[in-house]
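> The structure is given below, and queries will be raised subsequently.
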Amino acid sequence: MSTISAATRLAVRPSEGWARNLSILVLIGAAVALIGIFAAPDRAWPNVLLSTYYLISLGLAGGLFVALQYVSNAGWSVSFRRIPEAMTEVLPVTGLLLVVLFLGIHTLYEWSHEAVVANDPILHSKSGWLNEPFFIARSVFYLAVWMVMITAIVKRSQRQDASGDLELTRTNRKISAGFLVVFALTFTLASMDWIMSLEPHWFSTIFGIYNFAGLFLNGLATMTLVIILLKRMGPFRNVINDSHLHDLGKLIFAFSTFWMYIWFSQYVLIWYANIPEEVTYYARREEGGWGVLTIVNILFNWVIPFIALLPIWTKRHEGVLLRVCIFLMIGHWIDLFWMIMPPFMAKDPIVGLWELGPILAALAAFFLIVFKSLAKGNLLPVGDPMLGESLNLHT
């Protein structure tokens with residue numbers, strides 16, 4: 001039985017030094033990315049794309065988790081719902097990053113060059129979809145729709161703290177149901193636009209769900225990491241118990257396996273069909289250092305989490321769960337690197353300053369934004385009718 005009541009006010013107060021250090025990391029990473037754009041554009045721009053996509057994925061994962069909890073009428077997660085809500089605060093920042101990214105469109109996408117398209121029948125046939133004005137308009141539309149719908153859900157959730165109005169919960173269930181449909185369509189298109197079109201001669205009909213699996217797995221891992229940090233820092237010490245960790249561990253275990261299932265499904269169908277325009281994608285990623293990275297990708301995103309979380313006790317052990325979450329956060333970066341970088345690195349993968357700077361800035365910005373958001377209000381959604389159920393969770 002929890003010693004926390006539903007009327008308790010919990011707050012997180014990150015130290016000024018901690019926030020300052022994160023801000024310095026953001027500036028250093030951003031400076032490296034900016035220098036790289038001029039000094040090594042063929043390496044810097046793809047990594048800016050990777051980091052922007054990583055950050056968007058974290059924000060979307062937070063909104064998606066909240067929406068799923070509302071639609072399924074789940075009570076177990078209410079006590080830590082402010083964490084995924086805070087994750088969505090990064091989405092406005094990604095809007096600025098997208099504007100910057102549009103400046104590198106000619107470095108990133110071969111279909112953006114008219115001369116190339118004119119001499120390539122395949123690209124010419126896709127030019128109705130893959131052209132600069134429509135690409136930019138779609139990108140703005142995706143992000144705008146996500147932000148509007150997620151903000152509507154989060155604002156109503158926060159308003160409920162003061163009013164306790166049950167109608168806000170009912171409304172959020174309806175908005176969440178709509179968001180899940182909109183997300184499924186728009187994120188599929190966004191992943192095809194931003195990543196799959198880097199190699200426009202290749203296509204996969206399950207590329208969207210593969211990217212969804214990576215997005216949600218990394219989102220669960222990052223959310224769980226923040227929850228464990230808050231538990232160790234104090235605010236969640238008497239809020240999050242072993243049952244919460246167990247349920248989070250089960251979700252991470254399940255979606256890690258789901259990610260592997262989709263990865264294998266995409267690979268084995270292309271391998272079995274052996275169609276030249278399809279197999280080139282994997283042929284490039286099975287040669288030299290890219291073949292090693294393919295194995296590392298599977299190790300970080302499935303093998304290690306699967307083995308580590310297979311026993312029941314490890315899902316309830318915050319130390320083990322924390323380490324698995326860190327592996328998965330690194331694993332998602334590896335997965336995106338594996339998808340994005342081969343067209344820009346002809347031989348072997350290279351990881352240097354231009355690769356590490358942008359992702360360092362993105363992760364530092366993420367934690368800075370999330371903890372600043374959490375510091376603004378109560379960590380507990382005290383107006384939610386199912387908070388008591390969550391505080392006293394026992395599985």
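Residues are named by chain letter and number: chains run A, B, ... in the order of the structure tokens, numbers start at 1 in each chain, and ligands are numbered from 1 in the order shown.
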So that I can check the secondary structure, give me every residue of segment 1-212 of chain A assigned helix (DSSP H, G or I) by backbone DSSP, as a ChimeraX atom specification.

/A:16-39,41-71,78-80,82-102,105-108,110-112,114-118,121-125,132-163,166-194,196-198,207-212

> Using only C-alpha atoms, I'd like a table of the residues in segment 129-222 of chain A that come within 9 Å of segment 262-282 of chain A; for each, show the closest atom pair and its distance in Å rounded to one decimal, ordered by chain and ascending number, as CSV.


residue,atom,partner,partner_atom,distance
A:Glu199,CA,A:Tyr281,CA,8.4
A:His201,CA,A:Glu277,CA,7.0
A:Trp202,CA,A:Glu278,CA,5.9
A:Phe203,CA,A:Glu278,CA,7.1
A:Ser204,CA,A:Gln266,CA,7.5
A:Thr205,CA,A:Gln266,CA,8.6
A:Ile206,CA,A:Gln266,CA,6.9
A:Phe207,CA,A:Gln266,CA,8.0
A:Ile209,CA,A:Ile262,CA,7.6
A:Tyr210,CA,A:Ile262,CA,5.8
A:Ala213,CA,A:Ile262,CA,7.8

> Taking C-alpha atoms for each residue, export the selection above as a compact mmCIF listing (two decimals), in the first residue's frame.


# COMPACT_ATOMS: atom_id res chain seq x y z
CA GLU A 199 17.57 5.73 -51.18
CA HIS A 201 15.09 3.39 -55.73
CA TRP A 202 14.41 1.07 -52.78
CA PHE A 203 11.14 0.61 -50.96
CA SER A 204 9.55 -1.53 -48.28
CA THR A 205 5.85 -1.81 -47.49
CA ILE A 206 6.54 -2.36 -43.77
CA PHE A 207 9.09 0.42 -43.36
CA ILE A 209 5.80 -0.17 -38.83
CA TYR A 210 9.51 -0.99 -38.52
CA ALA A 213 8.66 -0.38 -33.44

> For segment 340-348 of chain A, find every residue with an atom within 8 Å (counting only C-alpha atoms), except residues of its own chain fewer than 5 positions away, and show them as a count of residues only.

12

> Please report the interatomic distance between atom CA of Leu245 of chain A and atom CA of Ile150 of chain A in Å with one decimal.

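Computing it gives 25.3 Å between the two atoms.
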
> So which residues touch Ile312 of chain A within 10 Å, counting only C-alpha atoms, skipping near sequence neighbours fewer than 5 positions away, as a PyMOL selection string?

chain A and resi 246+249-250+317

> Which residues, written as an NGL selection string, have at least one atom at most 12 Å from Arg232 of chain A, with only C-alpha atoms counted and residues fewer than 5 positions away on the same chain left out?

:A and (12 or 225-227 or 237-241 or 318-319 or 322)

> Please produce a file of those selected residues containing C-alpha atoms, as a PDB file, in the first residue's frame.


ATOM      1  CA  VAL A  12      11.313  17.827  -9.008  1.00  0.00           C
ATOM      2  CA  LEU A 225      15.039   5.655 -17.445  1.00  0.00           C
ATOM      3  CA  VAL A 226      13.564   9.029 -16.379  1.00  0.00           C
ATOM      4  CA  ILE A 227      11.176   7.289 -13.973  1.00  0.00           C
ATOM      5  CA  ARG A 237      10.616   7.001  -4.087  1.00  0.00           C
ATOM      6  CA  ASN A 238       7.222   6.174  -2.583  1.00  0.00           C
ATOM      7  CA  VAL A 239       5.274   6.380  -5.838  1.00  0.00           C
ATOM      8  CA  ILE A 240       6.936   3.848  -8.122  1.00  0.00           C
ATOM      9  CA  ASN A 241       7.074   0.316  -6.770  1.00  0.00           C
ATOM     10  CA  GLU A 318      15.749  -0.989 -11.205  1.00  0.00           C
ATOM     11  CA  GLY A 319      19.505  -1.415 -11.688  1.00  0.00           C
ATOM     12  CA  LEU A 322      18.197   1.083 -16.029  1.00  0.00           C
TER      13      LEU A 322
END

> Using atom CA of Tyr54 of chain A and atom CA of Ile359 of chain A as the two end points, give the distance in Å to one decimal.

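Interatomic distance here is 8.2 Å.
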
> Can you pull out the residues contacting Asn218 of chain A? Cut-off 12 Å, using only C-alpha atoms, and skip same-chain residues under 2 positions away; I want them as a ChimeraX atom specification.

/A:54-62,65,211-216,220-225,251-253,255-256,259,300-302,305,324-336

> Write to file, as a compact mmCIF listing (two decimals), in the first residue's frame, the residues of the selection just made, with N, CA and C atoms.


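Contents of result.txt, freshly written:
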# COMPACT_ATOMS: atom_id res chain seq x y z
N TYR A 54 15.48 11.38 -34.18
CA TYR A 54 15.56 10.76 -32.85
C TYR A 54 14.74 11.57 -31.85
N LEU A 55 14.90 12.90 -31.89
CA LEU A 55 14.20 13.78 -30.96
C LEU A 55 12.69 13.77 -31.22
N ILE A 56 12.31 13.81 -32.50
CA ILE A 56 10.89 13.73 -32.84
C ILE A 56 10.30 12.42 -32.35
N SER A 57 11.05 11.34 -32.50
CA SER A 57 10.58 10.02 -32.07
C SER A 57 10.31 9.98 -30.58
N LEU A 58 11.18 10.60 -29.79
CA LEU A 58 10.97 10.63 -28.33
C LEU A 58 9.71 11.41 -27.98
N GLY A 59 9.52 12.56 -28.63
CA GLY A 59 8.31 13.33 -28.36
C GLY A 59 7.05 12.60 -28.76
N LEU A 60 7.07 11.97 -29.93
CA LEU A 60 5.91 11.20 -30.39
C LEU A 60 5.65 9.99 -29.50
N ALA A 61 6.71 9.34 -29.05
CA ALA A 61 6.55 8.16 -28.19
C ALA A 61 5.85 8.53 -26.89
N GLY A 62 6.19 9.71 -26.34
CA GLY A 62 5.51 10.16 -25.13
C GLY A 62 4.02 10.37 -25.37
N PHE A 65 2.25 6.98 -25.95
CA PHE A 65 2.04 6.22 -24.72
C PHE A 65 0.83 6.76 -23.96
N ASN A 211 9.78 1.41 -38.31
CA ASN A 211 10.18 2.63 -37.62
C ASN A 211 9.32 2.88 -36.38
N PHE A 212 8.04 2.52 -36.44
CA PHE A 212 7.20 2.63 -35.25
C PHE A 212 7.73 1.76 -34.13
N ALA A 213 8.14 0.53 -34.46
CA ALA A 213 8.66 -0.38 -33.44
C ALA A 213 9.88 0.22 -32.75
N GLY A 214 10.79 0.80 -33.53
CA GLY A 214 11.96 1.44 -32.95
C GLY A 214 11.60 2.66 -32.13
N LEU A 215 10.68 3.47 -32.65
CA LEU A 215 10.24 4.67 -31.94
C LEU A 215 9.66 4.33 -30.57
N PHE A 216 8.73 3.37 -30.53
CA PHE A 216 8.04 3.09 -29.28
C PHE A 216 8.95 2.36 -28.29
N LEU A 220 9.75 3.89 -24.68
CA LEU A 220 9.53 3.16 -23.43
C LEU A 220 10.81 3.13 -22.60
N ALA A 221 11.93 2.88 -23.25
CA ALA A 221 13.21 2.81 -22.54
C ALA A 221 13.58 4.16 -21.93
N THR A 222 13.41 5.22 -22.70
CA THR A 222 13.77 6.56 -22.21
C THR A 222 12.84 6.98 -21.09
N MET A 223 11.55 6.72 -21.24
CA MET A 223 10.58 7.04 -20.19
C MET A 223 10.91 6.29 -18.90
N THR A 224 11.22 5.01 -19.03
CA THR A 224 11.55 4.20 -17.86
C THR A 224 12.82 4.71 -17.20
N LEU A 225 13.80 5.11 -18.00
CA LEU A 225 15.04 5.66 -17.44
C LEU A 225 14.75 6.90 -16.61
N LEU A 251 6.72 -4.44 -20.96
CA LEU A 251 6.49 -3.70 -22.21
C LEU A 251 7.77 -3.58 -23.03
N ILE A 252 8.86 -3.25 -22.35
CA ILE A 252 10.15 -3.14 -23.04
C ILE A 252 10.55 -4.49 -23.64
N PHE A 253 10.39 -5.55 -22.88
CA PHE A 253 10.71 -6.90 -23.35
C PHE A 253 9.86 -7.24 -24.58
N PHE A 255 8.21 -5.18 -26.73
CA PHE A 255 8.45 -4.38 -27.93
C PHE A 255 9.85 -4.56 -28.48
N SER A 256 10.79 -5.00 -27.66
CA SER A 256 12.10 -5.37 -28.18
C SER A 256 11.97 -6.59 -29.10
N TRP A 259 10.20 -5.49 -32.27
CA TRP A 259 11.15 -4.84 -33.18
C TRP A 259 11.93 -5.89 -33.97
N PHE A 300 22.04 -4.89 -29.61
CA PHE A 300 21.60 -3.82 -28.71
C PHE A 300 20.08 -3.73 -28.61
N ASN A 301 19.39 -3.96 -29.70
CA ASN A 301 17.94 -3.75 -29.71
C ASN A 301 17.13 -4.99 -29.34
N TRP A 302 17.75 -6.17 -29.41
CA TRP A 302 16.98 -7.37 -29.08
C TRP A 302 17.74 -8.38 -28.22
N PRO A 305 18.59 -7.01 -24.50
CA PRO A 305 17.36 -6.82 -23.72
C PRO A 305 16.59 -8.11 -23.49
N VAL A 324 19.47 -1.75 -19.15
CA VAL A 324 18.82 -2.17 -20.40
C VAL A 324 18.29 -0.96 -21.15
N CYS A 325 17.73 -0.01 -20.42
CA CYS A 325 17.21 1.21 -21.06
C CYS A 325 18.33 1.99 -21.75
N ILE A 326 19.48 2.08 -21.12
CA ILE A 326 20.62 2.78 -21.72
C ILE A 326 21.07 2.05 -22.99
N PHE A 327 21.13 0.72 -22.93
CA PHE A 327 21.47 -0.05 -24.12
C PHE A 327 20.50 0.22 -25.26
N LEU A 328 19.22 0.29 -24.93
CA LEU A 328 18.21 0.49 -25.97
C LEU A 328 18.26 1.90 -26.55
N MET A 329 18.58 2.89 -25.73
CA MET A 329 18.71 4.26 -26.25
C MET A 329 19.89 4.34 -27.22
N ILE A 330 20.98 3.68 -26.87
CA ILE A 330 22.12 3.62 -27.79
C ILE A 330 21.73 2.80 -29.02
N GLY A 331 20.98 1.72 -28.78
CA GLY A 331 20.56 0.84 -29.87
C GLY A 331 19.70 1.56 -30.89
N HIS A 332 18.85 2.47 -30.45
CA HIS A 332 18.00 3.19 -31.41
C HIS A 332 18.85 4.12 -32.27
N TRP A 333 19.87 4.74 -31.66
CA TRP A 333 20.79 5.56 -32.45
C TRP A 333 21.52 4.70 -33.49
N ILE A 334 21.94 3.50 -33.07
CA ILE A 334 22.61 2.59 -34.00
C ILE A 334 21.66 2.20 -35.13
N ASP A 335 20.41 1.93 -34.80
CA ASP A 335 19.42 1.53 -35.80
C ASP A 335 19.20 2.64 -36.82
N LEU A 336 19.07 3.88 -36.35
CA LEU A 336 18.90 5.01 -37.27
C LEU A 336 20.16 5.25 -38.09

> Between atom CA of Leu34 of chain A and atom CA of Ala365 of chain A, what is the spacing in Å?

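Calculated distance between atom CA of Ala365 of chain A and atom CA of Leu34 of chain A is 15.9 Å.
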
> Let me make sure I understand: among A:Pro200, A:Lys155, A:Asn392, A:Gly219, which one has the smallest atom-to-atom distance to Asp120 of chain A if we use only C-alpha atoms?

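Smallest separation from Asp120 of chain A among the options: A:Pro200.
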
> Let me make sure I understand: among A:Val182, A:Leu49, A:Ile83, A:Ala44, which one has the smallest atom-to-atom distance to Lys372 of chain A if we use only C-alpha atoms?

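Among the listed residues, the smallest separation from Lys372 of chain A belongs to A:Ile83.
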
> A:Leu248, A:Leu22, A:Leu108, A:Ala40: which is nearest Gly352 of chain A, counting only C-alpha atoms?

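Closest residue, counting only C-alpha atoms: A:Ala40.
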
> For each of A:Pro121, A:Ile105, A:Thr88, A:Ala190, take the minimum atom-to-atom distance to Val148 of chain A, counting only C-alpha atoms, then give the residue where this is smallest.

A:Thr88

> Which one is closest to Arg81 of chain A: A:Ser125, A:Ser157, A:Thr52, A:Thr395? Count only C-alpha atoms.

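For Arg81 of chain A, the nearest of the given residues is A:Ser157.
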